[in-house]
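Note: the block below is coords.csv and it holds CSV, C-alpha atoms.
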chain,number,residue,atom,x,y,z
A,1,MET,CA,0.0,0.0,0.0
A,2,VAL,CA,2.9,2.3,0.7
A,3,MET,CA,4.1,1.7,-2.9
A,4,VAL,CA,0.6,2.3,-4.4
A,5,GLN,CA,0.0,5.5,-2.4
A,6,ALA,CA,3.4,6.9,-3.4
A,7,LEU,CA,2.6,6.3,-7.1
A,8,GLN,CA,-0.9,7.8,-6.7
A,9,SER,CA,0.8,10.9,-5.2
A,10,ASP,CA,3.1,11.0,-8.3
A,11,ILE,CA,0.1,11.1,-10.6
A,12,ALA,CA,-1.3,14.0,-8.6
A,13,ALA,CA,2.1,15.7,-8.9
A,14,PHE,CA,1.9,15.6,-12.7
A,15,ALA,CA,-1.6,17.1,-12.6
A,16,ALA,CA,-0.4,19.9,-10.3
A,17,GLY,CA,2.5,20.8,-12.6
A,18,THR,CA,5.2,19.6,-10.3
A,19,PRO,CA,5.9,16.1,-11.7
A,20,ALA,CA,7.7,13.6,-9.4
A,21,VAL,CA,8.2,9.9,-9.9
A,22,HIS,CA,9.2,7.2,-7.3
A,23,VAL,CA,11.1,5.2,-9.9
A,24,ASP,CA,12.0,2.3,-7.6
A,25,TYR,CA,8.3,1.8,-6.7
A,26,LEU,CA,7.2,2.1,-10.3
A,27,MET,CA,9.7,-0.5,-11.5
A,28,GLU,CA,8.8,-2.8,-8.6
A,29,LEU,CA,5.1,-2.6,-9.5
A,30,ARG,CA,5.8,-3.2,-13.2
A,31,SER,CA,8.1,-6.2,-12.3
A,32,VAL,CA,5.3,-7.7,-10.1
A,33,LEU,CA,2.7,-7.3,-12.9
A,34,LEU,CA,5.1,-8.8,-15.5
A,35,SER,CA,5.9,-11.8,-13.2
A,36,LEU,CA,2.2,-12.4,-12.5
A,37,GLU,CA,1.5,-12.3,-16.3
A,38,ARG,CA,4.3,-14.9,-16.8
A,39,TRP,CA,2.9,-17.3,-14.3
A,40,GLN,CA,-0.8,-16.7,-14.5
A,41,ARG,CA,-1.4,-20.2,-16.0
A,42,HIS,CA,0.5,-21.9,-13.3
A,43,PRO,CA,-1.6,-24.1,-10.9
A,44,PHE,CA,-0.3,-22.1,-7.9
A,45,TRP,CA,-1.2,-18.7,-9.5
A,46,SER,CA,-4.1,-18.0,-7.1
A,47,GLU,CA,-1.8,-18.7,-4.1
A,48,MET,CA,0.8,-16.3,-5.6
A,49,VAL,CA,-1.7,-13.5,-5.9
A,50,HIS,CA,-3.0,-14.1,-2.4
A,51,ALA,CA,0.5,-14.0,-0.9
A,52,LEU,CA,1.1,-10.6,-2.5
A,53,GLY,CA,-1.8,-9.2,-0.4
A,54,ASN,CA,-0.2,-10.5,2.8
A,55,GLU,CA,2.2,-8.0,4.5
A,56,ASN,CA,4.3,-10.8,5.9
A,57,GLU,CA,4.6,-12.7,2.6
A,58,TYR,CA,4.8,-9.8,0.0
A,59,LEU,CA,8.6,-9.4,-0.1
A,60,HIS,CA,9.3,-13.1,-0.3
A,61,THR,CA,6.7,-13.7,-3.0
A,62,VAL,CA,8.0,-10.9,-5.2
A,63,ILE,CA,11.5,-12.3,-5.0
A,64,LEU,CA,10.3,-15.8,-5.5
A,65,LEU,CA,8.4,-14.9,-8.7
A,66,ALA,CA,11.4,-12.9,-9.9
A,67,ALA,CA,13.8,-15.8,-9.2
A,68,ALA,CA,11.6,-18.3,-11.0
A,69,THR,CA,11.4,-15.9,-14.0
A,70,TYR,CA,15.1,-15.4,-14.0
A,71,PHE,CA,16.0,-19.1,-13.9
A,72,GLU,CA,13.4,-19.9,-16.6
A,73,ASP,CA,14.8,-17.1,-18.9
A,74,ALA,CA,18.3,-18.6,-18.4
A,75,GLY,CA,17.1,-21.9,-19.8
A,76,ASN,CA,16.1,-23.9,-16.7
A,77,ASN,CA,12.9,-25.8,-16.0
A,78,VAL,CA,11.3,-24.3,-12.8
A,79,GLU,CA,9.1,-26.2,-10.4
A,80,PHE,CA,7.4,-24.4,-7.5
A,81,LYS,CA,7.0,-26.3,-4.2
A,82,GLU,CA,3.8,-26.2,-2.3
A,83,THR,CA,4.1,-25.5,1.4
A,84,GLY,CA,3.6,-28.6,3.5
A,85,PRO,CA,4.1,-29.9,7.1
A,86,HIS,CA,7.9,-30.2,6.4
A,87,ARG,CA,10.4,-27.6,5.4
A,88,THR,CA,11.0,-27.6,1.7
A,89,PRO,CA,12.9,-25.3,-0.7
A,90,ASP,CA,10.9,-22.7,-2.6
A,91,LEU,CA,11.8,-24.0,-6.0
A,92,PHE,CA,13.3,-26.9,-7.8
A,93,LEU,CA,15.2,-26.6,-11.1
A,94,VAL,CA,14.6,-29.7,-13.0
A,95,LEU,CA,17.5,-30.4,-15.4
A,96,GLY,CA,16.8,-34.0,-16.2
A,97,PRO,CA,14.9,-37.1,-15.1
A,98,ARG,CA,17.0,-37.4,-11.9
A,99,GLU,CA,18.7,-34.0,-11.9
A,100,ARG,CA,17.2,-31.5,-9.6
A,101,ILE,CA,18.6,-28.4,-7.8
A,102,ALA,CA,16.9,-27.0,-4.7
A,103,VAL,CA,16.6,-23.2,-4.6
A,104,GLU,CA,15.7,-21.4,-1.4
A,105,VAL,CA,14.7,-17.7,-1.6
A,106,LYS,CA,15.2,-15.2,1.2
A,107,ALA,CA,14.1,-11.5,1.1
A,108,PRO,CA,15.8,-9.8,4.1
A,109,LYS,CA,14.2,-6.5,5.2
A,110,ASP,CA,17.6,-4.9,5.1
A,111,LEU,CA,17.5,-5.2,1.3
A,112,ARG,CA,14.0,-3.8,0.9
A,113,GLY,CA,15.2,-0.4,-0.2
A,114,PRO,CA,18.2,0.8,1.7
A,115,SER,CA,18.8,4.6,1.5
A,116,ALA,CA,22.6,3.9,1.4
A,117,ALA,CA,24.9,1.1,0.5
A,118,LEU,CA,24.9,-1.7,3.1
A,119,GLU,CA,28.7,-2.4,2.6
A,120,TYR,CA,30.7,-5.5,3.2
A,121,LYS,CA,30.2,-6.2,6.9
A,122,LYS,CA,26.4,-5.9,6.8
A,123,LEU,CA,26.2,-8.0,3.6
A,124,ARG,CA,28.3,-10.6,5.3
A,125,ASP,CA,25.8,-10.8,8.1
A,126,VAL,CA,22.9,-11.0,5.6
A,127,VAL,CA,24.5,-14.0,3.8
A,128,ARG,CA,25.2,-15.8,7.1
A,129,GLU,CA,21.7,-15.2,8.5
A,130,SER,CA,20.0,-16.1,5.3
A,131,MET,CA,21.8,-19.4,5.1
A,132,LYS,CA,21.2,-20.1,8.7
A,133,LYS,CA,17.4,-19.5,8.3
A,134,ALA,CA,17.4,-21.8,5.2
A,135,GLY,CA,19.2,-24.6,7.0
A,136,THR,CA,21.4,-27.1,5.3
A,137,GLY,CA,21.0,-30.0,7.8
A,138,GLN,CA,18.7,-33.0,7.5
A,139,SER,CA,15.5,-31.0,8.0
A,140,GLY,CA,16.7,-27.8,6.4
A,141,GLN,CA,15.2,-26.2,3.3
A,142,LEU,CA,18.6,-26.7,1.6
A,143,SER,CA,19.3,-30.2,2.9
A,144,ARG,CA,22.0,-32.5,1.5
A,145,GLN,CA,19.3,-34.5,-0.3
A,146,HIS,CA,19.8,-32.3,-3.4
A,147,PRO,CA,22.4,-29.9,-4.8
A,148,ALA,CA,21.3,-26.5,-3.6
A,149,MET,CA,21.4,-22.8,-4.1
A,150,LEU,CA,20.6,-19.8,-1.9
A,151,VAL,CA,19.1,-16.7,-3.6
A,152,ILE,CA,18.9,-13.5,-1.6
A,153,GLY,CA,16.6,-10.8,-3.0
A,154,SER,CA,17.3,-7.1,-3.2
A,155,PHE,CA,14.8,-4.4,-4.1
A,156,ARG,CA,17.4,-1.7,-4.5
A,157,THR,CA,21.0,-2.5,-5.0
A,158,TRP,CA,23.7,0.1,-4.8
A,159,PRO,CA,26.5,-0.5,-7.4
A,160,SER,CA,29.2,-0.8,-4.6
A,161,ASP,CA,27.2,-3.4,-2.9
A,162,LEU,CA,27.6,-5.8,-5.8
A,163,LYS,CA,31.4,-6.2,-5.2
A,164,ASP,CA,30.9,-6.2,-1.5
A,165,PHE,CA,28.3,-9.0,-1.8
A,166,GLU,CA,30.7,-11.0,-3.9
A,167,GLN,CA,33.4,-10.6,-1.3
A,168,ALA,CA,31.1,-11.4,1.6
A,169,ALA,CA,29.6,-14.5,-0.1
A,170,ALA,CA,33.0,-15.8,-1.1
A,171,GLU,CA,34.3,-15.4,2.4
A,172,TYR,CA,31.3,-17.2,3.9
A,173,LEU,CA,31.7,-20.1,1.5
A,174,ARG,CA,35.5,-20.3,2.1
A,175,ASP,CA,34.9,-20.4,5.9
A,176,ALA,CA,32.2,-23.1,5.4
A,177,ALA,CA,34.6,-25.1,3.3
A,178,LYS,CA,37.3,-25.1,6.0
A,179,LYS,CA,34.7,-26.6,8.4
A,180,GLY,CA,33.6,-29.2,5.8
A,181,LYS,CA,30.2,-27.7,5.4
A,182,HIS,CA,27.9,-26.9,2.4
A,183,LYS,CA,29.7,-29.2,0.0
A,184,HIS,CA,26.3,-29.7,-1.8
A,185,VAL,CA,25.7,-25.9,-2.2
A,186,LEU,CA,26.5,-24.7,-5.7
A,187,SER,CA,26.4,-21.0,-5.0
A,188,VAL,CA,24.9,-18.0,-3.2
A,189,GLY,CA,23.3,-15.4,-5.4
A,190,LEU,CA,22.0,-11.8,-5.0
A,191,LEU,CA,19.0,-11.2,-7.2
A,192,SER,CA,18.4,-7.5,-7.8
A,193,LEU,CA,15.3,-5.7,-9.1
A,194,VAL,CA,16.9,-3.0,-11.2
A,195,THR,CA,15.9,-0.4,-13.7
A,196,MET,CA,17.1,-0.2,-17.3
A,197,ILE,CA,17.2,3.3,-18.7
A,198,ARG,CA,17.5,4.2,-22.3
A,199,ARG,CA,18.0,7.9,-23.3
A,200,THR,CA,17.5,9.5,-26.7
A,201,PRO,CA,17.7,13.1,-27.7
A,202,THR,CA,13.9,13.4,-27.3
A,203,LYS,CA,12.9,11.1,-24.5
A,204,THR,CA,14.0,8.7,-21.8
A,205,ASP,CA,12.5,5.2,-21.4
A,206,SER,CA,12.8,2.8,-18.5
A,207,LYS,CA,11.8,-0.8,-17.8
A,208,PRO,CA,12.3,-3.3,-15.0
A,209,ALA,CA,14.9,-6.0,-15.2
A,210,LEU,CA,16.6,-8.7,-13.1
A,211,GLN,CA,20.2,-9.1,-12.3
A,212,MET,CA,21.8,-12.1,-10.6
A,213,THR,CA,25.2,-11.7,-8.9
A,214,SER,CA,26.2,-15.3,-8.3
A,215,VAL,CA,29.1,-16.5,-6.2
A,216,ALA,CA,30.2,-20.1,-6.8
A,217,ASN,CA,31.1,-22.4,-4.0
A,218,PRO,CA,34.8,-23.4,-4.6
A,219,ARG,CA,34.3,-26.7,-2.7
A,220,TYR,CA,31.0,-27.8,-4.3
A,221,GLU,CA,31.3,-31.6,-4.9
A,222,GLY,CA,28.3,-32.3,-7.0
A,223,GLU,CA,28.3,-33.0,-10.8
A,224,ILE,CA,25.1,-31.1,-11.6
A,225,LYS,CA,25.8,-27.7,-13.1
A,226,LEU,CA,23.4,-24.7,-13.1
A,227,ILE,CA,22.7,-22.2,-15.8
A,228,THR,CA,23.1,-18.9,-14.0
A,229,GLU,CA,24.6,-16.6,-16.7
A,230,THR,CA,22.4,-13.6,-17.4
A,231,PRO,CA,21.2,-13.8,-21.0
A,232,PRO,CA,23.0,-11.2,-23.2
A,233,HIS,CA,19.8,-9.1,-23.8
A,234,LEU,CA,19.4,-8.6,-20.0
A,235,ARG,CA,23.0,-7.7,-19.2
A,236,HIS,CA,23.2,-4.1,-17.8
A,237,PRO,CA,24.5,-2.1,-14.9
A,238,PRO,CA,22.1,-1.4,-12.1
A,239,VAL,CA,20.6,2.0,-11.8

Representation of the structure as structure tokens:
Amino acid sequence: MVMVQALQSDIAAFAAGTPAVHVDYLMELRSVLLSLERWQRHPFWSEMVHALGNENEYLHTVILLAAATYFEDAGNNVEFKETGPHRTPDLFLVLGPRERIAVEVKAPKDLRGPSAALEYKKLRDVVRESMKKAGTGQSGQLSRQHPAMLVIGSFRTWPSDLKDFEQAAAEYLRDAAKKGKHKHVLSVGLLSLVTMIRRTPTKTDSKPALQMTSVANPRYEGEIKLITETPPHLRHPPV
């Protein structure tokens, strides 16, 4: 509702002759609508829409839909998992008859729309807490039953945070390797909702896009490989 009210005030600002636009909110809304359009024929579509109306589930649902869209665009087959009595990952990427990768999505509130770059130390805490909440033990969402990947969602990513995230995630995975942990985890990724801007002499266009910053686990021991490279038509710097 905060997002919608802000955009309504933007419309009023244009009518008053003092135009103003909350670009982040506008792109977020467009991204949500595009994701819903993409998955509207999915059996879980009604549950997705319902979750967007829940204050406690909104952030996670937006990133979940964005992650599913990103992985499908990259050439992976995506399977949503229905919530049950036991903890399960949010998604499975089905690469073959017996090849499945578990993907757990986290949407920390610190990445909802920070007014300044979070920097390395805070991002290191975000990675550690997100993996802890997911769990990689027997009953964890990223259990050793399947090769796994953690995706952390960001609604506004400062350019400097991309390098800091890579450093933070790499350090976390190195420390885990020293302890003999997470050998089934392929990578930790930061999925960012970003804005693509194209300027011409007469106008400026913008559209929402997704950017994945993926840090591979150097001690991953599985044979399954994941397609995570951003397609060429979606490569761009965050704005």

Exercise. Name the residues in contact with Glu99 (chain A) at a cut-off of 12 Å, using all atoms listed in the file, excluding same-chain residues fewer than 6 positions from it; report them as a list in words.
Key: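 The neighbour list is Asn76, Asn77, Phe92, Leu93, Gln145, His146, Pro147, Ala148, Gly222, Glu223, Ile224, Lys225 and Leu226 of chain A.
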
Self-check item: Protein and nucleic acid residues near (31.9, -7.0, -6.2) (cut-off 12 Å, only C-alpha atoms) as a list in words
Solution: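 Residues with an atom at most 12 Å from (31.9, -7.0, -6.2): Glu119, Tyr120, Leu123, Thr157, Trp158, Pro159, Ser160, Asp161, Leu162, Lys163, Asp164, Phe165, Glu166, Gln167, Ala168, Ala169, Ala170, Leu190, Thr213, Ser214 and Val215 of chain A.
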
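The spacing separating CA of Glu47 (chain A) from CA of Ala66 (chain A) amounts to 15.5 Å.
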
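Minimum distance to Ser154 (chain A) across A:Asp90, A:Asp110, A:Glu171, A:Glu104 (counting all atoms listed in the file) occurs at A:Asp110.
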
Exercise. Measure the distance from CA of His22 (chain A) to CA of Ala116 (chain A) in Å and round it to one decimal.
Key: 16.3 Å

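Interatomic distance, CA of Thr200 (chain A) to CA of Phe155 (chain A): 26.7 Å.
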
Quiz item: Residues around (16.9, -6.6, -10.5), cut-off 7 Å, counting all atoms listed in the file - what are they as a PyMOL selection string?
Solution: chain A and resi 191-194+209-211

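Minimum atom-to-atom distance to Ala20 (chain A), evaluated using only C-alpha atoms, belongs to A:Leu7 out of A:Val49, A:Val32, A:Leu7, A:Leu65.
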
Extract, using all atoms listed in the file, all DNA, RNA and protein residues at most 7 Å from Leu150 (chain A), discarding same-chain residues fewer than 3 positions from it, and format them as a PDB file with C-alpha atoms, keeping the file's coordinate frame.
ATOM      1  CA  VAL A 103      16.600 -23.200  -4.600  1.00  0.00           C
ATOM      2  CA  GLU A 104      15.700 -21.400  -1.400  1.00  0.00           C
ATOM      3  CA  VAL A 105      14.700 -17.700  -1.600  1.00  0.00           C
ATOM      4  CA  SER A 187      26.400 -21.000  -5.000  1.00  0.00           C
ATOM      5  CA  VAL A 188      24.900 -18.000  -3.200  1.00  0.00           C
ATOM      6  CA  GLY A 189      23.300 -15.400  -5.400  1.00  0.00           C
TER       7      GLY A 189
END

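Nearest to Arg30 (chain A) of all the residues A:Leu118, A:Val126, A:Val4, A:Leu186 is A:Val4, based on only C-alpha atoms.
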